[in-house]
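Enquirer: Supplied structure: input.cif, mmCIF, C-alpha atoms and all ligand atoms.
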data_data
loop_
_atom_site.label_atom_id
_atom_site.label_comp_id
_atom_site.auth_asym_id
_atom_site.auth_seq_id
_atom_site.Cartn_x
_atom_site.Cartn_y
_atom_site.Cartn_z
CA MET A 1 4.58 18.61 -25.81
CA ASP A 2 6.91 19.58 -28.60
CA ARG A 3 10.21 19.66 -26.76
CA GLU A 4 12.96 17.51 -28.16
CA VAL A 5 14.89 15.30 -25.77
CA SER A 6 18.45 14.62 -26.76
CA VAL A 7 20.06 11.54 -25.31
CA VAL A 8 23.53 11.03 -26.66
CA ASP A 9 26.13 8.74 -25.15
CA ALA A 10 29.86 9.35 -24.86
CA ALA A 11 30.46 7.93 -28.32
CA GLY A 12 27.98 10.43 -29.76
CA SER A 13 25.27 7.91 -30.63
CA SER A 14 21.80 7.58 -29.14
CA PRO A 15 21.28 4.40 -27.12
CA ASP A 16 17.94 2.59 -27.10
CA PRO A 17 15.74 3.09 -24.06
CA VAL A 18 15.99 0.27 -21.53
CA MET A 19 12.41 0.82 -20.39
CA ARG A 20 9.54 2.36 -22.35
CA VAL A 21 6.35 3.37 -20.64
CA ALA A 22 3.49 4.20 -23.00
CA GLY A 23 -0.04 5.33 -22.26
CA LEU A 24 0.15 4.16 -18.64
CA ARG A 25 -3.20 4.58 -16.90
CA VAL A 26 -3.97 3.39 -13.38
CA THR A 27 -7.48 3.57 -11.94
CA PHE A 28 -8.35 2.65 -8.34
CA ALA A 29 -11.84 1.78 -7.19
CA THR A 30 -12.66 3.75 -4.04
CA ASP A 31 -15.77 4.28 -1.91
CA HIS A 32 -16.24 7.54 -3.79
CA GLY A 33 -15.96 5.91 -7.20
CA PRO A 34 -13.01 5.39 -9.53
CA VAL A 35 -9.85 7.49 -9.02
CA VAL A 36 -7.57 7.87 -12.02
CA ALA A 37 -4.18 8.17 -10.30
CA VAL A 38 -2.10 7.93 -13.50
CA ASP A 39 -3.68 9.21 -16.68
CA GLY A 40 -1.75 8.40 -19.85
CA VAL A 41 1.92 8.60 -18.87
CA ASP A 42 4.71 8.12 -21.44
CA LEU A 43 8.32 7.81 -20.23
CA ASP A 44 11.56 6.45 -21.69
CA LEU A 45 14.46 5.48 -19.44
CA TYR A 46 17.98 5.23 -20.85
CA PRO A 47 21.03 3.34 -19.57
CA GLY A 48 23.18 5.43 -17.23
CA ARG A 49 20.69 8.33 -17.37
CA ILE A 50 18.65 9.90 -14.62
CA HIS A 51 15.09 10.90 -15.44
CA ALA A 52 13.33 12.96 -12.78
CA LEU A 53 9.58 12.66 -12.26
CA VAL A 54 8.57 15.78 -10.40
CA GLY A 55 5.26 17.08 -9.10
CA GLU A 56 3.37 17.95 -5.95
CA SER A 57 2.18 15.35 -3.50
CA GLY A 58 -0.74 13.33 -4.89
CA SER A 59 0.13 13.88 -8.54
CA GLY A 60 0.62 10.17 -9.29
CA LYS A 61 4.41 9.83 -9.15
CA SER A 62 4.60 6.90 -6.71
CA VAL A 63 1.78 5.01 -8.38
CA SER A 64 3.60 5.42 -11.73
CA GLY A 65 6.88 4.16 -10.26
CA SER A 66 5.35 1.18 -8.45
CA THR A 67 3.30 0.19 -11.47
CA MET A 68 6.44 0.20 -13.60
CA MET A 69 7.94 -2.29 -11.13
CA GLY A 70 4.79 -4.46 -11.20
CA LEU A 71 3.89 -3.53 -7.62
CA THR A 72 0.42 -2.08 -8.11
CA HIS A 73 -2.25 -4.65 -7.29
CA GLY A 74 -5.58 -4.88 -5.59
CA PRO A 75 -9.23 -5.50 -6.26
CA GLY A 76 -10.81 -2.89 -8.48
CA THR A 77 -7.46 -1.63 -9.77
CA THR A 78 -7.28 -1.24 -13.55
CA ILE A 79 -3.95 -0.83 -15.31
CA GLU A 80 -3.77 0.11 -19.00
CA GLY A 81 -0.90 0.91 -21.37
CA SER A 82 2.47 -0.77 -21.58
CA VAL A 83 5.79 -0.95 -19.73
CA GLU A 84 8.27 -2.47 -22.13
CA PHE A 85 11.41 -4.00 -20.69
CA GLY A 86 13.66 -6.69 -22.16
CA GLY A 87 11.18 -7.55 -24.91
CA LEU A 88 8.31 -7.99 -22.45
CA ASN A 89 5.31 -5.89 -21.55
CA LEU A 90 5.71 -5.99 -17.77
CA LEU A 91 2.04 -5.14 -17.26
CA GLY A 92 1.09 -8.57 -18.59
CA ALA A 93 3.97 -10.51 -17.02
CA GLU A 94 3.40 -13.26 -14.47
CA GLU A 95 4.18 -12.52 -10.84
CA LYS A 96 6.91 -15.17 -10.92
CA THR A 97 8.65 -13.35 -13.78
CA MET A 98 8.26 -10.02 -12.03
CA ARG A 99 9.74 -11.35 -8.81
CA ARG A 100 12.77 -12.64 -10.69
CA LEU A 101 13.18 -9.33 -12.53
CA ARG A 102 12.79 -7.29 -9.34
CA GLY A 103 15.57 -9.23 -7.69
CA ARG A 104 18.06 -8.60 -10.45
CA ASP A 105 17.16 -6.15 -13.19
CA LEU A 106 14.63 -3.86 -11.54
CA SER A 107 15.22 -2.22 -8.21
CA MET A 108 13.64 0.37 -5.93
CA VAL A 109 14.70 2.71 -3.14
CA PHE A 110 11.98 4.30 -1.00
CA GLN A 111 11.79 7.31 1.29
CA ASP A 112 11.85 5.34 4.51
CA PRO A 113 14.66 2.80 4.72
CA MET A 114 13.36 1.32 7.99
CA ARG A 115 10.31 0.11 6.08
CA SER A 116 12.49 -2.01 3.80
CA LEU A 117 15.31 -3.10 6.13
CA ASN A 118 14.75 -6.04 8.45
CA PRO A 119 15.50 -4.84 12.01
CA MET A 120 16.32 -8.40 13.14
CA HIS A 121 19.13 -9.10 10.69
CA ARG A 122 22.64 -7.77 10.41
CA VAL A 123 23.12 -5.33 7.56
CA GLY A 124 25.79 -7.40 5.82
CA ARG A 125 23.54 -10.46 5.83
CA GLN A 126 20.69 -8.50 4.24
CA ILE A 127 22.88 -7.41 1.34
CA ALA A 128 24.45 -10.87 1.03
CA GLU A 129 21.05 -12.55 0.92
CA THR A 130 20.05 -10.48 -2.13
CA LEU A 131 23.25 -11.61 -3.84
CA GLU A 132 22.78 -15.28 -2.95
CA VAL A 133 19.15 -15.39 -4.07
CA ASN A 134 19.35 -13.18 -7.14
CA ALA A 135 22.92 -13.40 -8.40
CA GLY A 136 23.64 -16.98 -7.33
CA LEU A 137 26.75 -16.14 -5.30
CA SER A 138 27.95 -18.54 -2.62
CA ARG A 139 27.52 -17.51 1.01
CA ARG A 140 31.18 -16.59 1.27
CA GLU A 141 31.29 -14.64 -2.01
CA ALA A 142 28.10 -12.81 -1.08
CA ALA A 143 29.48 -11.85 2.35
CA ASP A 144 32.64 -10.41 0.75
CA ARG A 145 30.67 -8.59 -1.90
CA ALA A 146 28.35 -7.13 0.78
CA VAL A 147 31.35 -5.54 2.48
CA GLU A 148 32.52 -4.18 -0.89
CA MET A 149 29.08 -2.69 -1.49
CA LEU A 150 29.08 -1.02 1.93
CA ALA A 151 32.45 0.51 1.09
CA ALA A 152 31.15 1.57 -2.33
CA VAL A 153 28.24 3.48 -0.77
CA GLY A 154 30.69 5.40 1.40
CA ILE A 155 30.31 3.63 4.75
CA ARG A 156 33.47 3.82 6.79
CA ASP A 157 34.69 0.59 8.38
CA PRO A 158 32.44 -1.53 6.12
CA LYS A 159 33.42 -4.79 7.87
CA LYS A 160 32.13 -3.49 11.17
CA ALA A 161 29.05 -2.03 9.45
CA ALA A 162 28.26 -5.43 7.92
CA ARG A 163 28.02 -6.91 11.44
CA SER A 164 25.73 -4.11 12.70
CA TYR A 165 21.94 -3.96 12.90
CA PRO A 166 19.89 -1.27 11.11
CA HIS A 167 19.04 0.60 14.36
CA GLU A 168 22.74 1.22 14.95
CA PHE A 169 22.82 3.54 11.91
CA SER A 170 21.66 7.11 11.34
CA GLY A 171 18.93 7.79 8.75
CA GLY A 172 21.47 8.77 6.11
CA MET A 173 23.55 5.63 6.75
CA ARG A 174 20.46 3.43 6.55
CA GLN A 175 19.62 4.99 3.20
CA ARG A 176 23.17 4.19 2.05
CA VAL A 177 22.56 0.58 3.08
CA MET A 178 19.33 0.54 1.08
CA ILE A 179 21.21 1.83 -1.94
CA ALA A 180 23.81 -0.91 -1.44
CA ILE A 181 21.01 -3.52 -1.45
CA ALA A 182 19.22 -1.93 -4.41
CA LEU A 183 22.38 -1.76 -6.51
CA ALA A 184 24.10 -4.96 -5.33
CA CYS A 185 23.01 -6.89 -8.42
CA GLU A 186 23.74 -3.98 -10.78
CA PRO A 187 20.12 -3.52 -11.88
CA ARG A 188 19.24 -2.12 -15.28
CA VAL A 189 16.49 0.09 -13.88
CA LEU A 190 16.32 1.81 -10.49
CA VAL A 191 13.23 3.64 -9.29
CA ALA A 192 14.20 5.95 -6.41
CA ASP A 193 10.98 7.28 -4.86
CA GLU A 194 11.71 10.41 -2.80
CA PRO A 195 14.87 8.69 -1.52
CA THR A 196 16.04 11.69 0.52
CA THR A 197 12.84 13.37 1.66
CA ALA A 198 13.31 12.15 5.24
CA LEU A 199 16.94 13.34 5.44
CA ASP A 200 18.46 16.72 6.19
CA VAL A 201 19.72 18.85 3.34
CA THR A 202 23.45 18.06 3.54
CA ILE A 203 22.84 14.32 3.72
CA GLN A 204 20.26 14.67 0.95
CA ALA A 205 22.92 16.03 -1.41
CA GLN A 206 25.34 13.23 -0.49
CA ILE A 207 22.77 10.50 -1.10
CA LEU A 208 21.61 11.94 -4.43
CA THR A 209 25.22 12.31 -5.58
CA LEU A 210 25.84 8.70 -4.56
CA ILE A 211 22.82 7.43 -6.51
CA ALA A 212 23.84 9.48 -9.56
CA GLU A 213 27.48 8.32 -9.49
CA MET A 214 26.68 4.66 -8.92
CA ALA A 215 23.96 4.64 -11.56
CA ARG A 216 26.31 6.10 -14.12
CA SER A 217 29.11 3.69 -13.26
CA MET A 218 26.75 0.68 -13.54
CA ASN A 219 24.93 2.07 -16.57
CA THR A 220 21.67 1.79 -14.64
CA ALA A 221 18.66 3.80 -15.84
CA VAL A 222 17.18 5.79 -12.95
CA LEU A 223 13.71 7.19 -12.40
CA LEU A 224 14.21 9.76 -9.64
CA ILE A 225 10.85 10.64 -8.11
CA THR A 226 10.78 13.92 -6.21
CA HIS A 227 8.44 16.76 -5.25
CA ASP A 228 11.42 19.13 -5.22
CA LEU A 229 12.22 20.76 -8.55
CA GLY A 230 15.31 22.17 -6.84
CA VAL A 231 17.10 18.81 -6.93
CA VAL A 232 16.20 18.07 -10.53
CA GLY A 233 18.76 20.24 -12.32
CA LYS A 234 21.60 19.02 -10.13
CA TYR A 235 21.09 15.29 -10.44
CA ALA A 236 18.89 14.46 -13.43
CA ASP A 237 19.48 14.56 -17.17
CA THR A 238 15.85 14.75 -18.23
CA VAL A 239 12.64 15.59 -16.42
CA SER A 240 8.90 15.01 -16.61
CA VAL A 241 6.63 17.37 -14.73
CA MET A 242 3.53 15.59 -13.48
CA ASN A 243 0.26 16.87 -12.09
CA ARG A 244 -3.09 15.11 -11.56
CA GLY A 245 -1.84 11.95 -13.21
CA LYS A 246 -0.63 13.62 -16.39
CA ILE A 247 2.79 14.64 -17.70
CA LEU A 248 2.49 18.33 -18.47
CA GLU A 249 6.00 18.96 -19.70
CA TYR A 250 9.16 17.01 -20.33
CA GLY A 251 12.60 17.58 -21.74
CA ASN A 252 16.25 17.97 -20.90
CA CYS A 253 16.60 19.47 -17.43
CA ALA A 254 18.48 22.54 -18.56
CA ALA A 255 15.83 23.39 -21.15
CA VAL A 256 12.86 22.86 -18.84
CA LEU A 257 14.42 24.70 -15.89
CA GLN A 258 15.66 27.64 -17.93
CA ASN A 259 12.57 28.03 -20.04
CA PRO A 260 9.54 26.30 -18.52
CA GLN A 261 6.56 26.25 -20.87
CA ASP A 262 3.75 24.98 -18.71
CA PRO A 263 2.14 27.25 -16.09
CA TYR A 264 2.32 24.42 -13.55
CA THR A 265 6.10 24.05 -14.05
CA LYS A 266 6.44 27.81 -13.63
CA ARG A 267 4.54 27.60 -10.34
CA LEU A 268 6.76 24.76 -9.11
CA MET A 269 9.82 26.83 -10.05
CA ALA A 270 8.49 29.83 -8.15
CA ALA A 271 8.20 27.61 -5.07
CA ILE A 272 11.96 27.00 -4.98
CA PRO A 273 13.39 29.84 -2.88
CA ARG A 274 16.83 29.84 -4.43
CA LEU A 275 15.53 30.23 -7.96
CA ARG A 276 14.16 33.69 -7.15
CA GLY A 277 16.11 36.88 -7.67
CA PRO A 278 19.69 37.25 -8.87
CA LYS A 279 20.79 33.77 -7.77
CA ARG A 280 18.78 32.33 -10.64
CA LYS A 281 21.73 33.07 -12.88
CA PHE A 282 23.84 30.75 -10.78
CA LEU A 283 21.46 27.81 -11.29
CA SER A 284 21.19 28.37 -15.03
CA ALA A 285 24.95 28.38 -15.34
CA SER A 286 25.32 25.10 -13.48
CA THR A 287 22.64 23.08 -15.30
N1 LIG B 1 -4.30 2.16 -3.41
C1 LIG B 1 -4.90 3.32 -3.73
N2 LIG B 1 -6.26 3.42 -3.72
C2 LIG B 1 -6.88 4.57 -4.04
N3 LIG B 1 -6.24 5.71 -4.36
C3 LIG B 1 -4.90 5.68 -4.37
C4 LIG B 1 -4.15 4.50 -4.05
N4 LIG B 1 -2.82 4.78 -4.12
C5 LIG B 1 -2.75 6.07 -4.49
N5 LIG B 1 -3.97 6.62 -4.63
C6 LIG B 1 -4.28 8.00 -5.05
O1 LIG B 1 -3.63 8.24 -6.28
C7 LIG B 1 -3.16 9.57 -6.35
C8 LIG B 1 -1.66 9.58 -6.67
O2 LIG B 1 -0.94 9.07 -5.56
P1 LIG B 1 0.64 8.96 -5.52
O3 LIG B 1 1.13 8.32 -6.76
O4 LIG B 1 0.99 8.31 -4.23
O5 LIG B 1 1.07 10.49 -5.51
P2 LIG B 1 2.54 11.11 -5.34
O6 LIG B 1 3.53 10.01 -5.23
O7 LIG B 1 2.74 11.97 -6.55
O8 LIG B 1 2.48 11.95 -4.09
C9 LIG B 1 -3.50 10.21 -5.03
O9 LIG B 1 -4.69 10.94 -5.20
C10 LIG B 1 -3.70 9.04 -4.11
O10 LIG B 1 -4.60 9.36 -3.09
MG MG B 2 4.84 9.57 -3.62
#
Can I see the file as structure tokens?
Expert:
Amino acid sequence: MDREVSVVDAAGSSPDPVMRVAGLRVTFATDHGPVVAVDGVDLDLYPGRIHALVGESGSGKSVSGSTMMGLTHGPGTTIEGSVEFGGLNLLGAEEKTMRRLRGRDLSMVFQDPMRSLNPMHRVGRQIAETLEVNAGLSRREAADRAVEMLAAVGIRDPKKAARSYPHEFSGGMRQRVMIAIALACEPRVLVADEPTTALDVTIQAQILTLIAEMARSMNTAVLLITHDLGVVGKYADTVSVMNRGKILEYGNCAAVLQNPQDPYTKRLMAAIPRLRGPKRKFLSAST
């Protein structure tokens, strides 16, 4: 891969990456023998920048993201390489350290918000609890901040929303709540794993815009995992194209989308209906 990636901040200088993944390799033991799910992945995440990890289902995106957050475990699982964050290699960090980091500095949003929200607790309480445990706010401060977060993720009548239960919300609203929880402590790294795959297209655009805007305003580095190359150019700065555990191509989104080098990237591009024909010009102009 010989493409240059330019990351320049508003002042014109290049910031240091907040997370550096190098030579990441994850092997699972299965009944059919070892499966190499991630096979030598390198990734750098920068503050306030969105890096898309794109590829078809089964290519190793989720395993990469979870391993970066220290969430890949299990008998027979081998993890090699390094995930550097805050002067630590997270792959060798103790679970206690990882739990502390995941509460504050490292955060995740998944495809299905119902899996992560507790159906028994009011939404406001769930956000407040994160703030009490991880940011040391008092119960009162945390409750106020939870309402602010609900407002920040675009929920109307945030006070009422704070008193509601997850089942009272639509899928899109629940995903907004998850984003409020994930970003409540202003994490330094957010892994968003197919955060809008379960939502309809209009809501999808709103949620991705929300993640992008909030990440930039908090200077959070985002790994946006998606199977849809169509969303990449609109929301990400840089992109890695992944297949069978390997990164085949990476670079600035505009460069990769306008001039894909790898045959696999070209095939993914061909699978996006709106990139075909004359409308292609429109996408190039907007990236
Ligand atoms: N716990 C596991 N044990 C064995 N194989 C797994 C496990 N988790 C994921 N895999 C395999 O690793 C590969 C990559 O999976 P995944 O990262 O979930 O793909 P993606 O997110 O790109 O759809 C797949 O072939 C999947 O079946
Ligand atoms: Mg996945």
Enquirer: Counting only C-alpha atoms and all ligand atoms, what residues are within 9 Å of ligand MG 2 (chain B), given as a ChimeraX atom specification?
Expert: /A:56-63,65,111,193-194,225-227
Enquirer: Which neighbours of segment 232-248 of chain A fall inside 7 Å, counting only C-alpha atoms, when residues of the same chain fewer than 3 positions from it are skipped, and could you give them as an MDAnalysis selection string?
Expert: chainID A and resid 37:41 49:56 59:60 208 212 229 251:254 262 265 287
Enquirer: Would you mind telling me which residue in A:Asp31, A:Glu249, A:Glu213, A:Glu186 lies nearest to ligand LIG 1 (chain B) when using only C-alpha atoms and all ligand atoms?
Expert: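 When distances to ligand LIG 1 (chain B) are compared using only C-alpha atoms and all ligand atoms, the smallest one comes from A:Asp31.
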Enquirer: From the list A:Arg20, A:Arg145, A:Arg115, A:His73, which residue is nearest ligand LIG 1 (chain B) when using only C-alpha atoms and all ligand atoms?
Expert: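 Nearest candidate to ligand LIG 1 (chain B) out of A:Arg20, A:Arg145, A:Arg115, A:His73: A:His73.
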Enquirer: Can you work out the spacing between atom CA of Asp105 of chain A and atom CA of Thr72 of chain A in Å, to one decimal?
Expert: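 These two atoms are separated by 18.0 Å.
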Enquirer: Point out the residue among A:Ala142, A:Leu223, A:Ala161, A:Val191 with the least atom-to-atom distance to Arg174 of chain A, counting only C-alpha atoms.
Expert: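 Between A:Ala142, A:Leu223, A:Ala161, A:Val191, the residue approaching Arg174 of chain A most closely is A:Ala161.
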Enquirer: For the atom pair atom CA of Ala198 of chain A and atom O1 of ligand LIG 1 (chain B), what is the interatomic distance in Å to one decimal place?
Expert: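 About the pair atom CA of Ala198 of chain A and atom O1 of ligand LIG 1 (chain B): they are 20.9 Å apart.
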Enquirer: Write out as lines of an AutoDock Vina configuration file an axis-aligned box for ligand LIG 1 (chain B): all of its atoms listed in the file, 5 Å added on each side, centre and edge lengths in Å with one decimal.
Expert:
center_x = -1.7
center_y = 7.1
center_z = -4.9
size_x = 20.4
size_y = 19.8
size_z = 13.7
Enquirer: Would you fill out segment 106-136 of chain A with N, CA and C atoms and return it as a compact mmCIF listing (two decimals), keeping the file's coordinate frame?
Expert:
# COMPACT_ATOMS: atom_id res chain seq x y z
N LEU A 106 15.44 -5.02 -11.93
CA LEU A 106 14.63 -3.86 -11.54
C LEU A 106 14.75 -3.67 -10.05
N SER A 107 14.98 -2.44 -9.62
CA SER A 107 15.22 -2.22 -8.21
C SER A 107 14.55 -0.93 -7.76
N MET A 108 14.28 -0.85 -6.46
CA MET A 108 13.64 0.37 -5.93
C MET A 108 14.28 0.82 -4.64
N VAL A 109 14.32 2.13 -4.43
CA VAL A 109 14.70 2.71 -3.14
C VAL A 109 13.56 3.63 -2.73
N PHE A 110 13.11 3.49 -1.47
CA PHE A 110 11.98 4.30 -1.00
C PHE A 110 12.45 5.37 -0.03
N GLN A 111 11.50 6.22 0.36
CA GLN A 111 11.79 7.31 1.29
C GLN A 111 12.25 6.81 2.65
N ASP A 112 11.59 5.77 3.14
CA ASP A 112 11.85 5.34 4.51
C ASP A 112 12.59 4.00 4.53
N PRO A 113 13.90 4.04 4.78
CA PRO A 113 14.66 2.80 4.72
C PRO A 113 14.26 1.78 5.79
N MET A 114 13.73 2.26 6.93
CA MET A 114 13.36 1.32 7.99
C MET A 114 12.22 0.41 7.54
N ARG A 115 11.42 0.92 6.58
CA ARG A 115 10.31 0.11 6.08
C ARG A 115 10.83 -1.10 5.29
N SER A 116 11.98 -0.94 4.67
CA SER A 116 12.49 -2.01 3.80
C SER A 116 13.58 -2.85 4.45
N LEU A 117 14.26 -2.30 5.48
CA LEU A 117 15.31 -3.10 6.13
C LEU A 117 14.68 -3.97 7.22
N ASN A 118 15.23 -5.15 7.39
CA ASN A 118 14.75 -6.04 8.45
C ASN A 118 15.52 -5.72 9.74
N PRO A 119 14.80 -5.25 10.79
CA PRO A 119 15.50 -4.84 12.01
C PRO A 119 16.20 -5.99 12.73
N MET A 120 15.81 -7.23 12.43
CA MET A 120 16.32 -8.40 13.14
C MET A 120 17.61 -8.94 12.55
N HIS A 121 17.95 -8.52 11.35
CA HIS A 121 19.13 -9.10 10.69
C HIS A 121 20.25 -8.10 10.52
N ARG A 122 21.48 -8.62 10.63
CA ARG A 122 22.64 -7.77 10.41
C ARG A 122 22.62 -7.26 8.98
N VAL A 123 23.15 -6.01 8.85
CA VAL A 123 23.12 -5.33 7.56
C VAL A 123 23.85 -6.11 6.46
N GLY A 124 25.01 -6.64 6.80
CA GLY A 124 25.79 -7.40 5.82
C GLY A 124 25.01 -8.60 5.29
N ARG A 125 24.33 -9.28 6.20
CA ARG A 125 23.54 -10.46 5.83
C ARG A 125 22.43 -10.08 4.86
N GLN A 126 21.81 -8.91 5.10
CA GLN A 126 20.69 -8.50 4.24
C GLN A 126 21.16 -8.23 2.81
N ILE A 127 22.35 -7.64 2.69
CA ILE A 127 22.88 -7.41 1.34
C ILE A 127 23.29 -8.75 0.72
N ALA A 128 23.95 -9.58 1.53
CA ALA A 128 24.45 -10.87 1.03
C ALA A 128 23.30 -11.75 0.55
N GLU A 129 22.19 -11.71 1.29
CA GLU A 129 21.05 -12.55 0.92
C GLU A 129 20.54 -12.22 -0.48
N THR A 130 20.46 -10.91 -0.78
CA THR A 130 20.05 -10.48 -2.13
C THR A 130 20.97 -11.11 -3.18
N LEU A 131 22.26 -11.10 -2.88
CA LEU A 131 23.25 -11.61 -3.84
C LEU A 131 23.17 -13.13 -3.99
N GLU A 132 22.91 -13.81 -2.88
CA GLU A 132 22.78 -15.28 -2.95
C GLU A 132 21.54 -15.66 -3.77
N VAL A 133 20.42 -15.03 -3.43
CA VAL A 133 19.15 -15.39 -4.07
C VAL A 133 19.12 -14.96 -5.53
N ASN A 134 19.56 -13.74 -5.80
CA ASN A 134 19.35 -13.18 -7.14
C ASN A 134 20.55 -13.29 -8.07
N ALA A 135 21.75 -13.34 -7.52
CA ALA A 135 22.92 -13.40 -8.40
C ALA A 135 23.63 -14.75 -8.28
N GLY A 136 23.10 -15.63 -7.44
CA GLY A 136 23.64 -16.98 -7.33
C GLY A 136 25.04 -17.06 -6.73
